>>> print(open('protein35.txt').read())   # compact mmCIF, N, CA and C atoms
# COMPACT_ATOMS: atom_id res chain seq x y z
N MET A 15 -32.39 -0.23 10.74
CA MET A 15 -31.78 -1.00 11.79
C MET A 15 -32.15 -2.47 11.63
N LYS A 16 -33.39 -2.73 11.28
CA LYS A 16 -33.81 -4.13 11.10
C LYS A 16 -33.02 -4.80 9.99
N ARG A 17 -32.74 -4.05 8.93
CA ARG A 17 -31.96 -4.63 7.82
C ARG A 17 -30.54 -4.95 8.26
N ALA A 18 -29.96 -4.09 9.08
CA ALA A 18 -28.60 -4.33 9.58
C ALA A 18 -28.56 -5.57 10.46
N ILE A 19 -29.56 -5.73 11.31
CA ILE A 19 -29.62 -6.91 12.18
C ILE A 19 -29.81 -8.17 11.36
N ALA A 20 -30.69 -8.11 10.37
CA ALA A 20 -30.91 -9.28 9.51
C ALA A 20 -29.64 -9.64 8.74
N ALA A 21 -28.93 -8.64 8.25
CA ALA A 21 -27.68 -8.90 7.52
C ALA A 21 -26.63 -9.52 8.44
N ALA A 22 -26.56 -9.03 9.67
CA ALA A 22 -25.59 -9.58 10.63
C ALA A 22 -25.92 -11.04 10.95
N LYS A 23 -27.19 -11.34 11.14
CA LYS A 23 -27.59 -12.72 11.42
C LYS A 23 -27.25 -13.64 10.25
N GLN A 24 -27.45 -13.15 9.04
CA GLN A 24 -27.15 -13.94 7.85
C GLN A 24 -25.65 -14.16 7.70
N ALA A 25 -24.85 -13.18 8.06
CA ALA A 25 -23.40 -13.27 7.89
C ALA A 25 -22.71 -14.04 9.01
N ALA A 26 -23.35 -14.17 10.16
CA ALA A 26 -22.70 -14.76 11.34
C ALA A 26 -22.11 -16.15 11.10
N PRO A 27 -22.81 -17.09 10.48
CA PRO A 27 -22.21 -18.41 10.29
C PRO A 27 -20.94 -18.37 9.42
N GLY A 28 -20.96 -17.60 8.37
CA GLY A 28 -19.79 -17.49 7.51
C GLY A 28 -18.62 -16.84 8.25
N TRP A 29 -18.93 -15.82 9.05
CA TRP A 29 -17.90 -15.14 9.83
C TRP A 29 -17.28 -16.12 10.83
N ALA A 30 -18.11 -16.91 11.48
CA ALA A 30 -17.62 -17.86 12.48
C ALA A 30 -16.72 -18.92 11.85
N ASN A 31 -16.96 -19.24 10.59
CA ASN A 31 -16.16 -20.26 9.91
C ASN A 31 -14.84 -19.74 9.36
N LEU A 32 -14.67 -18.42 9.33
CA LEU A 32 -13.40 -17.85 8.84
C LEU A 32 -12.30 -18.09 9.86
N PRO A 33 -11.11 -18.41 9.41
CA PRO A 33 -9.99 -18.53 10.34
C PRO A 33 -9.70 -17.18 11.01
N GLY A 34 -9.18 -17.23 12.21
CA GLY A 34 -8.88 -16.01 12.97
C GLY A 34 -8.07 -14.99 12.19
N PRO A 35 -6.99 -15.40 11.50
CA PRO A 35 -6.22 -14.41 10.75
C PRO A 35 -7.03 -13.70 9.65
N ALA A 36 -7.95 -14.41 9.04
CA ALA A 36 -8.79 -13.80 8.00
C ALA A 36 -9.74 -12.77 8.63
N ARG A 37 -10.33 -13.12 9.78
CA ARG A 37 -11.20 -12.16 10.47
C ARG A 37 -10.38 -10.94 10.90
N GLY A 38 -9.17 -11.19 11.39
CA GLY A 38 -8.31 -10.09 11.80
C GLY A 38 -7.99 -9.15 10.65
N ALA A 39 -7.73 -9.72 9.47
CA ALA A 39 -7.42 -8.89 8.30
C ALA A 39 -8.61 -8.02 7.91
N ILE A 40 -9.81 -8.58 8.01
CA ILE A 40 -11.02 -7.82 7.69
C ILE A 40 -11.20 -6.68 8.69
N LEU A 41 -11.03 -6.98 9.97
CA LEU A 41 -11.18 -5.94 10.99
C LEU A 41 -10.10 -4.87 10.86
N ASP A 42 -8.90 -5.27 10.48
CA ASP A 42 -7.82 -4.30 10.27
C ASP A 42 -8.17 -3.36 9.12
N LYS A 43 -8.71 -3.90 8.04
CA LYS A 43 -9.12 -3.07 6.90
C LYS A 43 -10.24 -2.12 7.30
N ALA A 44 -11.20 -2.61 8.08
CA ALA A 44 -12.29 -1.75 8.56
C ALA A 44 -11.73 -0.61 9.40
N SER A 45 -10.75 -0.90 10.24
CA SER A 45 -10.12 0.12 11.07
C SER A 45 -9.42 1.17 10.21
N GLN A 46 -8.75 0.73 9.16
CA GLN A 46 -8.08 1.66 8.25
C GLN A 46 -9.08 2.58 7.57
N ILE A 47 -10.22 2.04 7.17
CA ILE A 47 -11.25 2.85 6.51
C ILE A 47 -11.81 3.88 7.48
N ILE A 48 -12.08 3.46 8.72
CA ILE A 48 -12.59 4.39 9.73
C ILE A 48 -11.57 5.48 10.00
N ASP A 49 -10.30 5.11 10.16
CA ASP A 49 -9.25 6.11 10.40
C ASP A 49 -9.16 7.10 9.25
N ALA A 50 -9.26 6.62 8.02
CA ALA A 50 -9.16 7.49 6.85
C ALA A 50 -10.34 8.45 6.76
N ARG A 51 -11.48 8.06 7.33
CA ARG A 51 -12.68 8.90 7.25
C ARG A 51 -13.01 9.56 8.58
N GLN A 52 -12.04 9.62 9.48
CA GLN A 52 -12.29 10.14 10.83
C GLN A 52 -12.90 11.53 10.81
N LYS A 53 -12.36 12.42 10.00
CA LYS A 53 -12.88 13.80 9.96
C LYS A 53 -14.34 13.81 9.53
N GLU A 54 -14.64 13.08 8.46
CA GLU A 54 -16.02 13.03 7.95
C GLU A 54 -16.96 12.43 9.00
N LEU A 55 -16.54 11.34 9.63
CA LEU A 55 -17.38 10.69 10.64
C LEU A 55 -17.60 11.59 11.85
N ALA A 56 -16.57 12.32 12.25
CA ALA A 56 -16.70 13.25 13.38
C ALA A 56 -17.69 14.36 13.04
N GLU A 57 -17.66 14.85 11.81
CA GLU A 57 -18.60 15.90 11.40
C GLU A 57 -20.03 15.38 11.42
N VAL A 58 -20.23 14.14 11.00
CA VAL A 58 -21.57 13.55 11.04
C VAL A 58 -22.05 13.46 12.49
N LEU A 59 -21.17 13.02 13.39
CA LEU A 59 -21.55 12.93 14.80
C LEU A 59 -21.93 14.28 15.38
N THR A 60 -21.22 15.33 14.97
CA THR A 60 -21.56 16.65 15.50
C THR A 60 -22.94 17.08 15.04
N ARG A 61 -23.28 16.76 13.81
CA ARG A 61 -24.61 17.12 13.29
C ARG A 61 -25.71 16.26 13.92
N GLU A 62 -25.48 14.96 14.02
CA GLU A 62 -26.53 14.04 14.45
C GLU A 62 -26.69 13.96 15.96
N GLU A 63 -25.60 14.12 16.70
CA GLU A 63 -25.64 13.91 18.14
C GLU A 63 -25.48 15.19 18.95
N GLY A 64 -25.14 16.28 18.27
CA GLY A 64 -24.94 17.54 18.97
C GLY A 64 -23.65 17.60 19.76
N LYS A 65 -22.71 16.74 19.43
CA LYS A 65 -21.42 16.75 20.11
C LYS A 65 -20.54 17.85 19.51
N THR A 66 -19.55 18.27 20.30
CA THR A 66 -18.56 19.18 19.74
C THR A 66 -17.61 18.35 18.89
N LEU A 67 -16.88 18.99 18.01
CA LEU A 67 -15.95 18.26 17.14
C LEU A 67 -14.89 17.49 17.94
N PRO A 68 -14.28 18.09 18.98
CA PRO A 68 -13.31 17.32 19.77
C PRO A 68 -13.94 16.09 20.45
N GLU A 69 -15.19 16.23 20.93
CA GLU A 69 -15.87 15.08 21.53
C GLU A 69 -16.10 13.98 20.50
N ALA A 70 -16.50 14.38 19.32
CA ALA A 70 -16.80 13.41 18.26
C ALA A 70 -15.55 12.67 17.81
N LYS A 71 -14.41 13.34 17.84
CA LYS A 71 -13.16 12.70 17.43
C LYS A 71 -12.62 11.76 18.49
N GLY A 72 -13.13 11.87 19.71
CA GLY A 72 -12.72 10.96 20.78
C GLY A 72 -11.44 11.35 21.35
>>> encode(input="protein35.txt", output="structure tokens")
Amino acid sequence: MKRAIAAAKQAAPGWANLPGPARGAILDKASQIIDARQKELAEVLTREEGKTLPEAKG
């Protein structure tokens, strides 16, 4: 977790300097990756959090 926070702090200035459309394109790509891996991510949530598969899928 500490590494993730440190990486976010380091990336923040560069992210802030990106034009809005560029940030939007990055977030859109991230959304596509999450959607493509929804089944895998839901299975991880069921194992780690004890949720049912329908709960994990949202």
>>> closest_residue(input="protein35.txt", among="A:Met15, A:Arg61, A:Gly28, A:Lys71", to="Ile48 (chain A)", atoms="only C-alpha atoms")
A:Lys71
>>> residues_around(input="protein35.txt", residues="region 49-56 of chain A", least_positions_apart="4", cutoff="8 Å", atoms="only C-alpha atoms", output="compact mmCIF listing (two decimals) with N, CA and C atoms, keeping the file's coordinate frame")
# COMPACT_ATOMS: atom_id res chain seq x y z
N SER A 45 -10.75 -0.90 10.24
CA SER A 45 -10.12 0.12 11.07
C SER A 45 -9.42 1.17 10.21
N THR A 60 -21.22 15.33 14.97
CA THR A 60 -21.56 16.65 15.50
C THR A 60 -22.94 17.08 15.04
N LEU A 67 -16.88 18.99 18.01
CA LEU A 67 -15.95 18.26 17.14
C LEU A 67 -14.89 17.49 17.94
N ALA A 70 -16.50 14.38 19.32
CA ALA A 70 -16.80 13.41 18.26
C ALA A 70 -15.55 12.67 17.81
N LYS A 71 -14.41 13.34 17.84
CA LYS A 71 -13.16 12.70 17.43
C LYS A 71 -12.62 11.76 18.49
>>> atom_distance(input="protein35.txt", atom1="CA of Val58 (chain A)", atom2="atom C of Gly72 (chain A)")
14.6 Å
>>> atom_distance(input="protein35.txt", atom1="atom N of Thr66 (chain A)", atom2="atom C of Gln46 (chain A)")
22.8 Å
>>> atom_distance(input="protein35.txt", atom1="atom N of Glu57 (chain A)", atom2="atom C of Glu69 (chain A)")
8.9 Å
>>> decode(input="protein35.txt", residues="region 16-61 of chain A", atoms="N, CA and C atoms", output="PDB file, in the first residue's frame")
ATOM      1  N   LYS A  16       1.943   1.216   0.772  1.00  0.00           N
ATOM      2  CA  LYS A  16       2.834   2.383   0.817  1.00  0.00           C
ATOM      3  C   LYS A  16       3.440   2.670  -0.551  1.00  0.00           C
ATOM      4  N   ARG A  17       3.771   1.608  -1.280  1.00  0.00           N
ATOM      5  CA  ARG A  17       4.339   1.798  -2.627  1.00  0.00           C
ATOM      6  C   ARG A  17       3.317   2.422  -3.567  1.00  0.00           C
ATOM      7  N   ALA A  18       2.067   2.011  -3.446  1.00  0.00           N
ATOM      8  CA  ALA A  18       1.013   2.571  -4.300  1.00  0.00           C
ATOM      9  C   ALA A  18       0.803   4.048  -4.002  1.00  0.00           C
ATOM     10  N   ILE A  19       0.827   4.409  -2.728  1.00  0.00           N
ATOM     11  CA  ILE A  19       0.662   5.815  -2.344  1.00  0.00           C
ATOM     12  C   ILE A  19       1.838   6.637  -2.842  1.00  0.00           C
ATOM     13  N   ALA A  20       3.043   6.113  -2.686  1.00  0.00           N
ATOM     14  CA  ALA A  20       4.234   6.827  -3.161  1.00  0.00           C
ATOM     15  C   ALA A  20       4.191   7.013  -4.675  1.00  0.00           C
ATOM     16  N   ALA A  21       3.768   5.987  -5.394  1.00  0.00           N
ATOM     17  CA  ALA A  21       3.676   6.084  -6.856  1.00  0.00           C
ATOM     18  C   ALA A  21       2.633   7.114  -7.264  1.00  0.00           C
ATOM     19  N   ALA A  22       1.512   7.149  -6.550  1.00  0.00           N
ATOM     20  CA  ALA A  22       0.464   8.127  -6.861  1.00  0.00           C
ATOM     21  C   ALA A  22       0.956   9.551  -6.619  1.00  0.00           C
ATOM     22  N   LYS A  23       1.665   9.753  -5.522  1.00  0.00           N
ATOM     23  CA  LYS A  23       2.211  11.087  -5.234  1.00  0.00           C
ATOM     24  C   LYS A  23       3.202  11.517  -6.306  1.00  0.00           C
ATOM     25  N   GLN A  24       4.014  10.585  -6.765  1.00  0.00           N
ATOM     26  CA  GLN A  24       5.004  10.896  -7.791  1.00  0.00           C
ATOM     27  C   GLN A  24       4.331  11.206  -9.128  1.00  0.00           C
ATOM     28  N   ALA A  25       3.242  10.528  -9.430  1.00  0.00           N
ATOM     29  CA  ALA A  25       2.566  10.705 -10.713  1.00  0.00           C
ATOM     30  C   ALA A  25       1.633  11.916 -10.741  1.00  0.00           C
ATOM     31  N   ALA A  26       1.221  12.409  -9.585  1.00  0.00           N
ATOM     32  CA  ALA A  26       0.208  13.471  -9.519  1.00  0.00           C
ATOM     33  C   ALA A  26       0.554  14.717 -10.329  1.00  0.00           C
ATOM     34  N   PRO A  27       1.762  15.263 -10.245  1.00  0.00           N
ATOM     35  CA  PRO A  27       2.043  16.472 -11.027  1.00  0.00           C
ATOM     36  C   PRO A  27       1.924  16.245 -12.536  1.00  0.00           C
ATOM     37  N   GLY A  28       2.420  15.138 -13.016  1.00  0.00           N
ATOM     38  CA  GLY A  28       2.320  14.837 -14.441  1.00  0.00           C
ATOM     39  C   GLY A  28       0.875  14.657 -14.872  1.00  0.00           C
ATOM     40  N   TRP A  29       0.090  13.991 -14.026  1.00  0.00           N
ATOM     41  CA  TRP A  29      -1.328  13.782 -14.319  1.00  0.00           C
ATOM     42  C   TRP A  29      -2.050  15.126 -14.384  1.00  0.00           C
ATOM     43  N   ALA A  30      -1.747  16.008 -13.446  1.00  0.00           N
ATOM     44  CA  ALA A  30      -2.402  17.319 -13.404  1.00  0.00           C
ATOM     45  C   ALA A  30      -2.072  18.150 -14.641  1.00  0.00           C
ATOM     46  N   ASN A  31      -0.898  17.933 -15.214  1.00  0.00           N
ATOM     47  CA  ASN A  31      -0.481  18.700 -16.390  1.00  0.00           C
ATOM     48  C   ASN A  31      -1.035  18.155 -17.702  1.00  0.00           C
ATOM     49  N   LEU A  32      -1.607  16.952 -17.675  1.00  0.00           N
ATOM     50  CA  LEU A  32      -2.187  16.387 -18.901  1.00  0.00           C
ATOM     51  C   LEU A  32      -3.482  17.118 -19.238  1.00  0.00           C
ATOM     52  N   PRO A  33      -3.719  17.370 -20.510  1.00  0.00           N
ATOM     53  CA  PRO A  33      -5.003  17.960 -20.902  1.00  0.00           C
ATOM     54  C   PRO A  33      -6.154  17.007 -20.560  1.00  0.00           C
ATOM     55  N   GLY A  34      -7.313  17.571 -20.302  1.00  0.00           N
ATOM     56  CA  GLY A  34      -8.486  16.775 -19.950  1.00  0.00           C
ATOM     57  C   GLY A  34      -8.767  15.629 -20.905  1.00  0.00           C
ATOM     58  N   PRO A  35      -8.738  15.867 -22.225  1.00  0.00           N
ATOM     59  CA  PRO A  35      -9.007  14.752 -23.146  1.00  0.00           C
ATOM     60  C   PRO A  35      -8.001  13.597 -23.011  1.00  0.00           C
ATOM     61  N   ALA A  36      -6.760  13.915 -22.717  1.00  0.00           N
ATOM     62  CA  ALA A  36      -5.751  12.859 -22.543  1.00  0.00           C
ATOM     63  C   ALA A  36      -6.043  12.055 -21.279  1.00  0.00           C
ATOM     64  N   ARG A  37      -6.407  12.744 -20.194  1.00  0.00           N
ATOM     65  CA  ARG A  37      -6.770  12.031 -18.961  1.00  0.00           C
ATOM     66  C   ARG A  37      -8.003  11.168 -19.204  1.00  0.00           C
ATOM     67  N   GLY A  38      -8.960  11.715 -19.942  1.00  0.00           N
ATOM     68  CA  GLY A  38     -10.170  10.954 -20.254  1.00  0.00           C
ATOM     69  C   GLY A  38      -9.869   9.694 -21.040  1.00  0.00           C
ATOM     70  N   ALA A  39      -8.946   9.792 -21.998  1.00  0.00           N
ATOM     71  CA  ALA A  39      -8.579   8.623 -22.805  1.00  0.00           C
ATOM     72  C   ALA A  39      -7.936   7.547 -21.937  1.00  0.00           C
ATOM     73  N   ILE A  40      -7.107   7.964 -20.990  1.00  0.00           N
ATOM     74  CA  ILE A  40      -6.460   7.002 -20.092  1.00  0.00           C
ATOM     75  C   ILE A  40      -7.505   6.322 -19.213  1.00  0.00           C
ATOM     76  N   LEU A  41      -8.426   7.101 -18.662  1.00  0.00           N
ATOM     77  CA  LEU A  41      -9.469   6.526 -17.814  1.00  0.00           C
ATOM     78  C   LEU A  41     -10.394   5.608 -18.613  1.00  0.00           C
ATOM     79  N   ASP A  42     -10.665   5.966 -19.858  1.00  0.00           N
ATOM     80  CA  ASP A  42     -11.487   5.111 -20.716  1.00  0.00           C
ATOM     81  C   ASP A  42     -10.801   3.774 -20.955  1.00  0.00           C
ATOM     82  N   LYS A  43      -9.502   3.797 -21.212  1.00  0.00           N
ATOM     83  CA  LYS A  43      -8.745   2.560 -21.424  1.00  0.00           C
ATOM     84  C   LYS A  43      -8.750   1.710 -20.153  1.00  0.00           C
ATOM     85  N   ALA A  44      -8.580   2.357 -18.994  1.00  0.00           N
ATOM     86  CA  ALA A  44      -8.617   1.627 -17.724  1.00  0.00           C
ATOM     87  C   ALA A  44      -9.975   0.959 -17.537  1.00  0.00           C
ATOM     88  N   SER A  45     -11.042   1.662 -17.885  1.00  0.00           N
ATOM     89  CA  SER A  45     -12.391   1.113 -17.786  1.00  0.00           C
ATOM     90  C   SER A  45     -12.557  -0.103 -18.695  1.00  0.00           C
ATOM     91  N   GLN A  46     -12.012  -0.027 -19.897  1.00  0.00           N
ATOM     92  CA  GLN A  46     -12.092  -1.152 -20.832  1.00  0.00           C
ATOM     93  C   GLN A  46     -11.359  -2.373 -20.277  1.00  0.00           C
ATOM     94  N   ILE A  47     -10.210  -2.150 -19.663  1.00  0.00           N
ATOM     95  CA  ILE A  47      -9.436  -3.259 -19.090  1.00  0.00           C
ATOM     96  C   ILE A  47     -10.207  -3.898 -17.944  1.00  0.00           C
ATOM     97  N   ILE A  48     -10.790  -3.072 -17.079  1.00  0.00           N
ATOM     98  CA  ILE A  48     -11.574  -3.596 -15.959  1.00  0.00           C
ATOM     99  C   ILE A  48     -12.772  -4.382 -16.477  1.00  0.00           C
ATOM    100  N   ASP A  49     -13.481  -3.840 -17.461  1.00  0.00           N
ATOM    101  CA  ASP A  49     -14.630  -4.547 -18.042  1.00  0.00           C
ATOM    102  C   ASP A  49     -14.214  -5.890 -18.629  1.00  0.00           C
ATOM    103  N   ALA A  50     -13.082  -5.921 -19.317  1.00  0.00           N
ATOM    104  CA  ALA A  50     -12.611  -7.157 -19.948  1.00  0.00           C
ATOM    105  C   ALA A  50     -12.227  -8.208 -18.910  1.00  0.00           C
ATOM    106  N   ARG A  51     -11.839  -7.754 -17.717  1.00  0.00           N
ATOM    107  CA  ARG A  51     -11.396  -8.689 -16.675  1.00  0.00           C
ATOM    108  C   ARG A  51     -12.418  -8.826 -15.551  1.00  0.00           C
ATOM    109  N   GLN A  52     -13.664  -8.429 -15.816  1.00  0.00           N
ATOM    110  CA  GLN A  52     -14.686  -8.420 -14.775  1.00  0.00           C
ATOM    111  C   GLN A  52     -14.837  -9.777 -14.094  1.00  0.00           C
ATOM    112  N   LYS A  53     -14.892 -10.841 -14.870  1.00  0.00           N
ATOM    113  CA  LYS A  53     -15.078 -12.176 -14.283  1.00  0.00           C
ATOM    114  C   LYS A  53     -13.920 -12.513 -13.344  1.00  0.00           C
ATOM    115  N   GLU A  54     -12.701 -12.286 -13.815  1.00  0.00           N
ATOM    116  CA  GLU A  54     -11.521 -12.580 -12.998  1.00  0.00           C
ATOM    117  C   GLU A  54     -11.515 -11.738 -11.725  1.00  0.00           C
ATOM    118  N   LEU A  55     -11.815 -10.454 -11.850  1.00  0.00           N
ATOM    119  CA  LEU A  55     -11.820  -9.567 -10.688  1.00  0.00           C
ATOM    120  C   LEU A  55     -12.910  -9.957  -9.694  1.00  0.00           C
ATOM    121  N   ALA A  56     -14.070 -10.358 -10.194  1.00  0.00           N
ATOM    122  CA  ALA A  56     -15.154 -10.799  -9.317  1.00  0.00           C
ATOM    123  C   ALA A  56     -14.749 -12.055  -8.553  1.00  0.00           C
ATOM    124  N   GLU A  57     -14.059 -12.969  -9.214  1.00  0.00           N
ATOM    125  CA  GLU A  57     -13.608 -14.189  -8.541  1.00  0.00           C
ATOM    126  C   GLU A  57     -12.598 -13.870  -7.443  1.00  0.00           C
ATOM    127  N   VAL A  58     -11.725 -12.913  -7.692  1.00  0.00           N
ATOM    128  CA  VAL A  58     -10.760 -12.501  -6.668  1.00  0.00           C
ATOM    129  C   VAL A  58     -11.501 -11.920  -5.467  1.00  0.00           C
ATOM    130  N   LEU A  59     -12.498 -11.080  -5.722  1.00  0.00           N
ATOM    131  CA  LEU A  59     -13.270 -10.496  -4.624  1.00  0.00           C
ATOM    132  C   LEU A  59     -13.974 -11.561  -3.800  1.00  0.00           C
ATOM    133  N   THR A  60     -14.481 -12.600  -4.456  1.00  0.00           N
ATOM    134  CA  THR A  60     -15.164 -13.649  -3.699  1.00  0.00           C
ATOM    135  C   THR A  60     -14.190 -14.372  -2.782  1.00  0.00           C
ATOM    136  N   ARG A  61     -12.976 -14.584  -3.259  1.00  0.00           N
ATOM    137  CA  ARG A  61     -11.970 -15.257  -2.426  1.00  0.00           C
ATOM    138  C   ARG A  61     -11.470 -14.355  -1.303  1.00  0.00           C
TER     139      ARG A  61
END
